[in-house]
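Encoded as structure tokens, the structure appears first; notes follow it.
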Amino acid sequence: MFLLTFLSQFDGLTVIKAASSIGAGLAMISGIGCGIGQGFAGGKAADAVGLRPECLGLIIKTMLIGAATAQTCNIFGLIVALLLLFANPLLG
Amino acid sequence: MNGPEIYSTIFGFQLTETVVNTWIIMAIAFVIFYALTRNLKAEGRPGLAQSMGEMVVTTMDNLVGSSMGKDKMQFGAYMLSLMMFLIFCNISGFIGLRAPTADLNVTSTLAIMTFCMIHYSSIKANGIKRYAKEYIEPLPFLLPMNILEQFTLPLSMGFRVFGNLTGGVIIMGLVYGALSEAMYLGLIIPIPLHFYFDGFVAALQAFVFTMLTMVFISKGMDQ
């Protein structure tokens with residue numbers, strides 16, 4: 001409640017700009033999931049190479065495809081952050 | 001602030017930096033691949049150009065054969081063109097151009113082409129009754145989910161390449177802007193960043209896009 005009385009003394013456009021900046025930072029918390037997923041894929045690939053060292057090429061290809069697919073959710077978060085910073089529809 | 005710069009407008013179409021850079025990359029690729037296919041020798045010792053060309057085509061044929069199966073080798077030509085186009089477009093940061101694939105229009109075009117190829121080859125190989133039956137496969141009330149899954153595939157493929165390359169463009173712009181006053185640091189620090197963003201990420205995203213295209217086309221044809 002104190003927050004709302006504090007914010008109501010500013011211009012509406014300024015509050016929207018401030019909230020967009022905070023939202024852009026919060027949108028990049030999705031990097032945690034990306035890091036965990038890609039690290040898990042790398043760990044499983046290391047296990048597989050230790051078990052069957054002659055399949056190195058195929059294991060590396062599979063690991064890279066899995067890691068790039070796990071990175072997709074982080075990219076969606078990056079798109080939201082870029083939209084809020086550079087092409088904000090709320091300020092339009 | 002970081003979008004492609006618009007040069008002019010012709011007949012309602014915008015002539016942006018993306019279009020001009022694509023023309024430059026097309027000219028470079030045409031010259032390279034034209035020079036690789038002159039004076040081919042079937043016997044005797046082939047020269048350096050012919051050996052390199054044969055190596056590239058053989059690698060791509062092995063990849064298509066192992067991912068899609070030996071009966072679908074006719075896709076090899078399109079897959080090689082797609083991969084070469086993506087690699088040349090993504091690497092153009094080394095030449096000083098803004099990468100054309102850092103524009104959502106280019107990657108969405110490639111994703112829509114993949115979408116059309118998947119459904120066209122699935123209908124041609126299976127007939128329309130078996131193709132339509134696939135949507136009701138486990139349980140009939142999953143029909144909206146199955147339709148939505150077909151649409152999110154090209155969406156995520158287009159956004160993956162666009163997001164990675166635009167992130168690279170923004171970070172390199174910030175680094176160059178921060179080091180614009182320091183003369184010697186500005187020559188040394190961006191070098192490993194260029195190797196990562198314009199070398200590793202570029203090749204990886206091109207490879208992943210092509211592999212996903214191949215896997216989904218073969219999955220659609222094999223049902």
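Letters A, B, ... mark the chains of the structure tokens in the order given; residue numbers begin at 1 per chain; ligand numbers begin at 1, in order shown.
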Go through chain B and flag each residue having an atom no more than 8 Å from chain A; for those, report the closest pair of atoms plus their distance in Å to one decimal, using only C-alpha atoms, ordered by chain and rising number, as a Markdown table.
```
| residue | atom | partner | partner_atom | distance |
| --- | --- | --- | --- | --- |
| B:Met1 | CA | A:Phe86 | CA | 7.0 |
| B:Ser156 | CA | A:Thr72 | CA | 7.1 |
| B:Phe159 | CA | A:Ile75 | CA | 7.5 |
| B:Arg160 | CA | A:Thr72 | CA | 5.8 |
| B:Gly163 | CA | A:Ile75 | CA | 5.5 |
| B:Asn164 | CA | A:Ile75 | CA | 7.0 |
| B:Gly167 | CA | A:Leu78 | CA | 7.9 |
| B:Leu204 | CA | A:Leu64 | CA | 7.6 |
| B:Gln205 | CA | A:Ala68 | CA | 7.6 |
| B:Val208 | CA | A:Ile65 | CA | 5.8 |
| B:Met211 | CA | A:Ile65 | CA | 8.0 |
```
Q.
Which residues are near range 93-95 of chain B? Cut-off 9 Å, only C-alpha atoms, ignore same chain within fewer than 2 positions. Put them as a ChimeraX atom specification.
A. /B:89-91,97-99,169,194-195,197-199
Q | Contacts of Ala45 in chain A within 8 Å, only C-alpha atoms, excl. fewer than 5 positions in-chain, as JSON, numbers by chain | A | {"A": [59, 60, 63]}
For the residues selected in the previous step, produce a file with C-alpha atoms as a PDB file, in the first residue's frame.
```
ATOM      1  CA  ILE A  59      28.219 -38.464 -28.890  1.00  0.00           C
ATOM      2  CA  ILE A  60      29.471 -34.928 -29.537  1.00  0.00           C
ATOM      3  CA  MET A  63      25.218 -33.482 -27.110  1.00  0.00           C
TER       4      MET A  63
END
```
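Computed from the coordinates, the CA of Ala48 in chain A to CA of Thr62 in chain A distance equals 11.1 Å.
If you look at CA of Cys116 in chain B and CA of Leu15 in chain B, they are 26.8 Å away from each other.
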